[in-house]
Amino acid sequence: MIDFKEIIAKKINNIVNLDETNIYNNLEIPPKQDMGDYAFPCFVLSKELKKSPQIIAEEIKDKIELDKNISEIKVVGGYLNFYLNKEYFIKNVLNEMAEKNENYGSSNIGNGKNIVIDYSSPNIAKPFHIGHLRSTVIGNSIYKIYKYLGYNCIGINHIGDWGTQFGKLIEGYKRWGNEYNIEENPIDELTKIYIRINNLCKEDESVLEDCRNNFKKLEDGDEYCVNLWKKFKELSLKEFERIYDLLDVHFDSYNGEAFYSDKMQEVVDILERKGLLVESEGAKVVDLSEQGMIPCIIEKSNGSTTYATRDLAAIMYRAREYDFNKAIYLTSYEQILHFKQIFEVAKMLDLDEKYTSNLIHAPFGMVQLKTGKMSTREGTIVKLEDLLNESITRVKAIIENKNPNLENKEEIAKQVGIGAVIFNDLYNNRIKDEVFDWDIMLNFNGETGPYMQYIYVRTKSILEKAGYIPKIEDVDFDLLNNDTAYKIIKLIYSFQDTIIQAAEKYEPYIIARYLINLAQSFSTFYNENKILGEEKKVQDTRVYLTYAVGNVLKIGASLLGIKMPDRM
RNA sequence: GUGUCUAUAGCUCAGUAGGAUAGAGCGCUCCCCUCCUAAGGGAGAGGCCACAGGUUCGAUUCCUGUUAGGCACACCA
């Protein structure tokens with residue numbers, strides 16, 4: 001698609017003594033549509049030229065020739081406001097749409113480069129609660145966004161399946177396993193065992209010792225322990241899979257922490273060989289005081305490894321296995337320091353700079369209840385599956401009320417209910433904390449997933465009634481030369497930029513807000529204009545616009561991991 | 001205490017890599033279904049952009065400090 005900004009930058013560049021990229025970056029979009037499509041502020045030039053910005057603007061304006069791209073230039077204050085040739089612009093945008101259709105906005109800028117995305121990563125035998133939603137849903141969206149830009153994505157679910165906690169679970173199971181029906185309801189039952197054994201450990205130090213020994217045995221490959229661990233893992237994963245299916249989130253690898261249990265020695269060896277491993281308080285650590293951080297513990301005083309060591313081993317493994325151009329980690333901001341540390345240590349591991357300079361931690365805010373933090377022990381956890389099912393149930397009730405004759409209610413309720421939850425989570429900047437509230441989370445009016453879906457359904461409904469999608473040749477671009485339609489066209493034009501921006505910032509909300517914007521603009525259009533039953537040419541043009549909007553909404557939603565129903 | 005993030009309408013948040021009159025949604029007050037799905041649309045009220053300095057032609061945006069809150073701060077992950 002034509003980059004009109006670049007065309008304008010070139011024109012200005014011919015006249016003014018500023019390099020093109022500088023001009024390009026200074027070009028902005030005026031706050032109001034009637035002020036033009038692009039604006040160049042001339043204030044920067046005023047010092048050098050010793051003239052007022054307004055006069056400079058006038059002078060530039062006189063030297064620029066209008067052509068098929070630009071129909072008008074106005075000087076307002078110190079601004080040079082450019083008006084695109086609307087008909088030509090609209091033609092370009094819609095031709096692009098006609099060419100790419102369901103791939104509109106996609107790109108090959110990724111050029112097949114490998115991107116590793118580490119997200120979701122729940123802990124085995126612990127409830128999958130609403131706090132896990134963000135990593136899962138943001139990671140999934142980043143995955144889809146990068147893929148749409150032509151990258152090869154590898155989604156990794158770095159399952160928390162290793163550590164002393166498993167020694168505890170094994171001990172608990174050994175003692176009271178027959179009292180719990182872990183086959184039926186694995187995570188709930190295992191959690192009960194976990195809480196019970198934890199309490200016992202507090203009372204009796206020797207039990208804790210048994211637990212640690214169990215983990216040691218597990219590490220050493222003891223058959224009983226390994227089999228039990230495998231069982232816990234399988235049962236948990238099966239339960240997680242149910243949630244991933246609901247969300248339609250899937251991974252290319254489930255290599256969790258345990259996977260790296262035999263790959264950490266290399267990390268220790270390299271650091272040792274380079275003399276970077278120092279002894280401190282009985283533990284082996286990498287000193288990071290030069291980087292202004294506390295030391296990174298590589299080996300605990302009892303000889304066992306840490307989370308950091310496993311993450312470092314994972315970086316090495318992923319560099320070799322996937323040859324990544326970027327590795328993105330999605331976790332809450334609690335772990336900012338941890339990633340800062342291991343990214344520093346990673347630079348000491350003889351890895352190519354290609355890998356170590358492209359490790360990215362994209363942190364996000366935390367989910368809390370109105371009453372404060374969720375706590376397993378106090379039973380204040382809100383399980384994600386319960387939330388999703390509640391959402392579906394509420395949607396069903398609304399459908400029953402508004403559209404009782406709807407076919408395929410179950411499936412639609414699922415799409416809308418799940419979509420609402422996902423959208424809600426992706427609508428704001430990652431870093432914002434979220435206070436969980438059923439009624440806010442499951443609000444279906446206003447700037448929400450269901451709103452976006454509803455507008456999409458309208459476009460589908462119109463297309464279905466029309467019974468055809470007009471040919472691009474039948475579209476009269478001039479008929480779209482009005483404020484309402486032009487606003488939509490401009491949004492459609494900026495779709496790819498929006499995707500790229502979301503990718504660069506690892507912020508799906510940029511797309512989510514864009515889609516609301518587009519949906520709102522179309523809603524205005526829909527209310528102002530009759531689409532069907534008009535003169536042929538008018539109808540063709542408006543139906544085509546409807547098709548274009550629906551198409552972008554659907555693609556955008558898919559980039560967020562949200563499905564669009566055809567009716568609702 | 002140190003580091004870090006956050007602070008914009010009653011509430012939840014946008015604000016395009018410093019620019020023109022700071023925008024949405026929710027909630028509130030009105031209005032719109034003989035008309036393509038009212039989960040919709042329109043109108044209105046609602047702002048010292050936490051505070052104080054600084055840089056700049058220009059600051060909600062950048063810098064410094066202050067205040068308030070979140071998070072992290074070595075053998076948990």
# chains A, B, ... in the order shown; residues from 1 in each chain; ligands from 1
$ interface_residues --of "chain A" --to "chain B" --cutoff "8 Å" --atoms "only C-alpha atoms (C1' of nucleotides)" --output "ChimeraX atom specification"
/A:29-31,41,43,160,283,294-297,299-301,307,333-337,428,432,444-447,450-451,454,458,461-462,465,523-524,527,530-532
$ residues_around --residues "segment 48-55 of chain B" --least-positions-apart "2" --cutoff "7 Å" --atoms "only C-alpha atoms (C1' of nucleotides)" --output "list in words"
A7, U8 and U60 of chain B
$ write_last_selection --atoms "C-alpha atoms (C1' of nucleotides)" --output "PDB file, in the first residue's frame"
ATOM      1  C1'   A B   7      -0.747   8.883  39.120  1.00  0.00           C
ATOM      2  C1'   U B   8      -5.485  12.221  33.259  1.00  0.00           C
ATOM      3  C1'   U B  60      -0.382  15.750  30.069  1.00  0.00           C
TER       4        U B  60
END
$ select_by_dssp --residues "segment 446-524 of chain A" --states "alpha helix (DSSP H)" --output "JSON list (two decimals) with C-alpha atoms, in the first residue's frame"
[["chain", "number", "residue", "atom", "x", "y", "z"],
["A", 449, "GLY", "CA", -15.67, -7.79, 23.14],
["A", 450, "PRO", "CA", -19.38, -8.38, 22.63],
["A", 451, "TYR", "CA", -19.75, -4.84, 21.26],
["A", 452, "MET", "CA", -17.10, -5.52, 18.68],
["A", 453, "GLN", "CA", -18.70, -8.86, 17.86],
["A", 454, "TYR", "CA", -22.10, -7.26, 17.64],
["A", 455, "ILE", "CA", -20.96, -4.73, 15.08],
["A", 456, "TYR", "CA", -19.30, -7.50, 13.15],
["A", 457, "VAL", "CA", -22.52, -9.50, 13.21],
["A", 458, "ARG", "CA", -24.27, -6.49, 11.72],
["A", 459, "THR", "CA", -21.86, -6.43, 8.81],
["A", 460, "LYS", "CA", -22.42, -10.15, 8.27],
["A", 461, "SER", "CA", -26.12, -9.72, 8.44],
["A", 462, "ILE", "CA", -26.06, -7.00, 5.81],
["A", 463, "LEU", "CA", -23.84, -9.03, 3.51],
["A", 464, "GLU", "CA", -26.12, -11.99, 3.88],
["A", 465, "LYS", "CA", -29.19, -9.95, 3.09],
["A", 466, "ALA", "CA", -27.44, -8.41, 0.12],
["A", 483, "ASP", "CA", -16.76, 12.52, 6.68],
["A", 484, "THR", "CA", -18.29, 9.36, 8.06],
["A", 485, "ALA", "CA", -17.11, 7.01, 5.34],
["A", 486, "TYR", "CA", -13.74, 8.67, 4.98],
["A", 487, "LYS", "CA", -13.04, 8.17, 8.65],
["A", 488, "ILE", "CA", -13.63, 4.46, 8.21],
["A", 489, "ILE", "CA", -11.40, 4.31, 5.16],
["A", 490, "LYS", "CA", -8.62, 6.05, 7.04],
["A", 491, "LEU", "CA", -8.91, 3.54, 9.85],
["A", 492, "ILE", "CA", -8.78, 0.67, 7.42],
["A", 493, "TYR", "CA", -5.70, 2.24, 5.90],
["A", 495, "PHE", "CA", -4.65, -1.23, 10.15],
["A", 496, "GLN", "CA", -1.24, -2.56, 9.26],
["A", 497, "ASP", "CA", 0.52, 0.26, 11.07],
["A", 498, "THR", "CA", -1.56, -0.56, 14.09],
["A", 499, "ILE", "CA", -0.50, -4.20, 13.98],
["A", 500, "ILE", "CA", 3.15, -3.26, 13.63],
["A", 501, "GLN", "CA", 2.93, -0.86, 16.50],
["A", 502, "ALA", "CA", 1.31, -3.49, 18.70],
["A", 503, "ALA", "CA", 4.11, -5.89, 17.79],
["A", 504, "GLU", "CA", 6.86, -3.38, 18.50],
["A", 505, "LYS", "CA", 5.47, -2.55, 21.90],
["A", 509, "TYR", "CA", -4.39, -3.29, 23.51],
["A", 510, "ILE", "CA", -3.35, -1.12, 20.58],
["A", 511, "ILE", "CA", -5.24, -3.47, 18.29],
["A", 512, "ALA", "CA", -8.13, -3.86, 20.72],
["A", 513, "ARG", "CA", -8.68, -0.11, 20.88],
["A", 514, "TYR", "CA", -8.31, 0.20, 17.16],
["A", 515, "LEU", "CA", -11.08, -2.34, 16.65],
["A", 516, "ILE", "CA", -13.42, -0.48, 18.99],
["A", 517, "ASN", "CA", -12.67, 2.67, 17.09],
["A", 518, "LEU", "CA", -13.45, 1.02, 13.79],
["A", 519, "ALA", "CA", -16.61, -0.56, 15.15],
["A", 520, "GLN", "CA", -17.80, 2.79, 16.47],
["A", 521, "SER", "CA", -17.11, 4.52, 13.19],
["A", 522, "PHE", "CA", -19.02, 1.90, 11.32],
["A", 523, "SER", "CA", -21.89, 2.18, 13.76],
["A", 524, "THR", "CA", -22.15, 5.86, 12.99]]
$ residues_around --residues "Phe82 of chain A" --least-positions-apart "5" --cutoff "9 Å" --atoms "only C-alpha atoms (C1' of nucleotides)" --output "list in words"
Ile8, Met35, Gly36, Asp37, Tyr38, Ala39, Phe40, Ile70, Ser71, Glu72, Ile73, Lys74 and Val75 of chain A
$ select_by_dssp --residues "segment 351-513 of chain A" --states "strand (DSSP E or B)" --output "ChimeraX atom specification"
/A:359-364,367-369,372,383,434-436
$ atom_distance --atom1 "atom CA of Lys326 of chain A" --atom2 "atom CA of Leu560 of chain A"
20.3 Å
$ atom_distance --atom1 "atom CA of Leu351 of chain A" --atom2 "atom CA of Ala319 of chain A"
8.1 Å
$ closest_residue --among "A:Thr21, A:Thr309, A:Asn92, A:Gln33" --to "Phe477 of chain A" --atoms "only C-alpha atoms"
A:Asn92
$ decode --residues "segment 32-48 of chain B" --atoms "N, CA and C atoms (P, O5', C5', C4', C3', O3' and C1' of nucleotides)" --output "PDB file, in the first residue's frame"
ATOM      1  P     C B  32     -38.054   9.801  22.117  1.00  0.00           P
ATOM      2  O5'   C B  32     -37.149   9.129  20.983  1.00  0.00           O
ATOM      3  C5'   C B  32     -37.056   9.721  19.701  1.00  0.00           C
ATOM      4  C4'   C B  32     -36.151   8.904  18.819  1.00  0.00           C
ATOM      5  C3'   C B  32     -36.505   7.430  18.690  1.00  0.00           C
ATOM      6  O3'   C B  32     -37.574   7.237  17.775  1.00  0.00           O
ATOM      7  C1'   C B  32     -34.178   7.658  19.001  1.00  0.00           C
ATOM      8  P     C B  33     -38.680   6.216  18.134  1.00  0.00           P
ATOM      9  O5'   C B  33     -38.028   4.821  17.730  1.00  0.00           O
ATOM     10  C5'   C B  33     -38.839   3.677  17.699  1.00  0.00           C
ATOM     11  C4'   C B  33     -38.218   2.640  16.840  1.00  0.00           C
ATOM     12  C3'   C B  33     -39.100   1.422  16.604  1.00  0.00           C
ATOM     13  O3'   C B  33     -39.851   1.623  15.428  1.00  0.00           O
ATOM     14  C1'   C B  33     -36.878   0.775  17.172  1.00  0.00           C
ATOM     15  P     U B  34     -41.271   2.383  15.595  1.00  0.00           P
ATOM     16  O5'   U B  34     -42.047   1.749  14.372  1.00  0.00           O
ATOM     17  C5'   U B  34     -42.164   0.344  14.224  1.00  0.00           C
ATOM     18  C4'   U B  34     -42.816   0.053  12.896  1.00  0.00           C
ATOM     19  C3'   U B  34     -41.867  -0.012  11.706  1.00  0.00           C
ATOM     20  O3'   U B  34     -41.332  -1.316  11.601  1.00  0.00           O
ATOM     21  C1'   U B  34     -43.808   1.236  11.152  1.00  0.00           C
ATOM     22  P     C B  35     -39.761  -1.463  11.329  1.00  0.00           P
ATOM     23  O5'   C B  35     -39.461  -0.470  10.123  1.00  0.00           O
ATOM     24  C5'   C B  35     -39.008  -0.982   8.867  1.00  0.00           C
ATOM     25  C4'   C B  35     -37.674  -0.350   8.514  1.00  0.00           C
ATOM     26  C3'   C B  35     -36.496  -0.813   9.355  1.00  0.00           C
ATOM     27  O3'   C B  35     -35.969  -2.031   8.884  1.00  0.00           O
ATOM     28  C1'   C B  35     -36.452   1.550   9.154  1.00  0.00           C
ATOM     29  P     C B  36     -35.177  -2.955   9.921  1.00  0.00           P
ATOM     30  O5'   C B  36     -33.819  -3.156   9.127  1.00  0.00           O
ATOM     31  C5'   C B  36     -33.804  -4.036   7.988  1.00  0.00           C
ATOM     32  C4'   C B  36     -32.399  -4.391   7.626  1.00  0.00           C
ATOM     33  C3'   C B  36     -31.480  -4.739   8.793  1.00  0.00           C
ATOM     34  O3'   C B  36     -31.623  -6.120   9.096  1.00  0.00           O
ATOM     35  C1'   C B  36     -30.364  -3.398   7.144  1.00  0.00           C
ATOM     36  P     U B  37     -30.739  -6.853  10.222  1.00  0.00           P
ATOM     37  O5'   U B  37     -30.684  -6.037  11.616  1.00  0.00           O
ATOM     38  C5'   U B  37     -31.816  -5.624  12.317  1.00  0.00           C
ATOM     39  C4'   U B  37     -31.567  -5.835  13.791  1.00  0.00           C
ATOM     40  C3'   U B  37     -30.521  -4.906  14.402  1.00  0.00           C
ATOM     41  O3'   U B  37     -31.034  -4.405  15.629  1.00  0.00           O
ATOM     42  C1'   U B  37     -30.042  -7.156  14.943  1.00  0.00           C
ATOM     43  P     A B  38     -31.076  -2.834  15.907  1.00  0.00           P
ATOM     44  O5'   A B  38     -30.912  -2.713  17.487  1.00  0.00           O
ATOM     45  C5'   A B  38     -29.640  -2.811  18.094  1.00  0.00           C
ATOM     46  C4'   A B  38     -29.816  -2.643  19.585  1.00  0.00           C
ATOM     47  C3'   A B  38     -30.898  -3.539  20.160  1.00  0.00           C
ATOM     48  O3'   A B  38     -30.545  -3.942  21.476  1.00  0.00           O
ATOM     49  C1'   A B  38     -31.446  -1.271  20.546  1.00  0.00           C
ATOM     50  P     A B  39     -29.861  -5.345  21.734  1.00  0.00           P
ATOM     51  O5'   A B  39     -28.392  -4.959  22.173  1.00  0.00           O
ATOM     52  C5'   A B  39     -28.170  -4.151  23.322  1.00  0.00           C
ATOM     53  C4'   A B  39     -26.740  -4.321  23.750  1.00  0.00           C
ATOM     54  C3'   A B  39     -25.754  -3.906  22.671  1.00  0.00           C
ATOM     55  O3'   A B  39     -24.567  -3.387  23.265  1.00  0.00           O
ATOM     56  C1'   A B  39     -25.492  -6.209  23.147  1.00  0.00           C
ATOM     57  P     G B  40     -24.389  -1.786  23.291  1.00  0.00           P
ATOM     58  O5'   G B  40     -24.932  -1.329  21.869  1.00  0.00           O
ATOM     59  C5'   G B  40     -24.157  -1.554  20.694  1.00  0.00           C
ATOM     60  C4'   G B  40     -24.818  -0.895  19.515  1.00  0.00           C
ATOM     61  C3'   G B  40     -24.831   0.628  19.554  1.00  0.00           C
ATOM     62  O3'   G B  40     -23.613   1.166  19.118  1.00  0.00           O
ATOM     63  C1'   G B  40     -26.995  -0.134  19.041  1.00  0.00           C
ATOM     64  P     G B  41     -23.063   2.529  19.716  1.00  0.00           P
ATOM     65  O5'   G B  41     -24.047   3.575  19.021  1.00  0.00           O
ATOM     66  C5'   G B  41     -24.006   3.755  17.620  1.00  0.00           C
ATOM     67  C4'   G B  41     -25.051   4.754  17.209  1.00  0.00           C
ATOM     68  C3'   G B  41     -24.940   6.114  17.866  1.00  0.00           C
ATOM     69  O3'   G B  41     -23.949   6.916  17.245  1.00  0.00           O
ATOM     70  C1'   G B  41     -27.178   5.402  17.956  1.00  0.00           C
ATOM     71  P     G B  42     -23.152   7.980  18.110  1.00  0.00           P
ATOM     72  O5'   G B  42     -24.243   9.111  18.345  1.00  0.00           O
ATOM     73  C5'   G B  42     -24.714   9.865  17.245  1.00  0.00           C
ATOM     74  C4'   G B  42     -25.817  10.786  17.695  1.00  0.00           C
ATOM     75  C3'   G B  42     -25.463  11.765  18.803  1.00  0.00           C
ATOM     76  O3'   G B  42     -24.733  12.878  18.329  1.00  0.00           O
ATOM     77  C1'   G B  42     -27.553  10.789  19.264  1.00  0.00           C
ATOM     78  P     A B  43     -23.642  13.573  19.261  1.00  0.00           P
ATOM     79  O5'   A B  43     -24.580  14.347  20.291  1.00  0.00           O
ATOM     80  C5'   A B  43     -25.380  15.445  19.867  1.00  0.00           C
ATOM     81  C4'   A B  43     -26.227  15.942  20.997  1.00  0.00           C
ATOM     82  C3'   A B  43     -25.478  16.355  22.257  1.00  0.00           C
ATOM     83  O3'   A B  43     -24.898  17.640  22.140  1.00  0.00           O
ATOM     84  C1'   A B  43     -27.346  15.056  22.847  1.00  0.00           C
ATOM     85  P     G B  44     -23.557  17.994  22.982  1.00  0.00           P
ATOM     86  O5'   G B  44     -24.093  17.993  24.480  1.00  0.00           O
ATOM     87  C5'   G B  44     -25.016  18.986  24.904  1.00  0.00           C
ATOM     88  C4'   G B  44     -25.424  18.749  26.327  1.00  0.00           C
ATOM     89  C3'   G B  44     -24.296  18.732  27.342  1.00  0.00           C
ATOM     90  O3'   G B  44     -23.879  20.037  27.683  1.00  0.00           O
ATOM     91  C1'   G B  44     -25.800  16.968  27.792  1.00  0.00           C
ATOM     92  P     A B  45     -22.355  20.315  28.157  1.00  0.00           P
ATOM     93  O5'   A B  45     -22.427  19.908  29.701  1.00  0.00           O
ATOM     94  C5'   A B  45     -23.264  20.622  30.604  1.00  0.00           C
ATOM     95  C4'   A B  45     -23.385  19.850  31.891  1.00  0.00           C
ATOM     96  C3'   A B  45     -22.054  19.529  32.561  1.00  0.00           C
ATOM     97  O3'   A B  45     -21.584  20.613  33.337  1.00  0.00           O
ATOM     98  C1'   A B  45     -23.373  17.585  32.476  1.00  0.00           C
ATOM     99  P     G B  46     -20.051  21.065  33.240  1.00  0.00           P
ATOM    100  O5'   G B  46     -19.297  19.807  33.852  1.00  0.00           O
ATOM    101  C5'   G B  46     -19.398  19.511  35.247  1.00  0.00           C
ATOM    102  C4'   G B  46     -18.797  18.166  35.500  1.00  0.00           C
ATOM    103  C3'   G B  46     -17.315  18.045  35.123  1.00  0.00           C
ATOM    104  O3'   G B  46     -16.487  18.498  36.187  1.00  0.00           O
ATOM    105  C1'   G B  46     -18.511  16.188  34.276  1.00  0.00           C
ATOM    106  P     G B  47     -15.434  19.681  35.933  1.00  0.00           P
ATOM    107  O5'   G B  47     -14.154  18.935  36.500  1.00  0.00           O
ATOM    108  C5'   G B  47     -13.619  17.834  35.795  1.00  0.00           C
ATOM    109  C4'   G B  47     -12.107  17.850  35.853  1.00  0.00           C
ATOM    110  C3'   G B  47     -11.457  19.233  35.951  1.00  0.00           C
ATOM    111  O3'   G B  47     -10.293  19.170  36.756  1.00  0.00           O
ATOM    112  C1'   G B  47     -10.849  18.187  33.905  1.00  0.00           C
ATOM    113  P     C B  48     -10.081  20.281  37.927  1.00  0.00           P
ATOM    114  O5'   C B  48      -8.639  20.926  37.650  1.00  0.00           O
ATOM    115  C5'   C B  48      -8.390  21.701  36.503  1.00  0.00           C
ATOM    116  C4'   C B  48      -6.900  21.968  36.434  1.00  0.00           C
ATOM    117  C3'   C B  48      -6.083  20.844  37.053  1.00  0.00           C
ATOM    118  O3'   C B  48      -4.855  20.645  36.372  1.00  0.00           O
ATOM    119  C1'   C B  48      -5.621  22.866  38.169  1.00  0.00           C
TER     120        C B  48
END
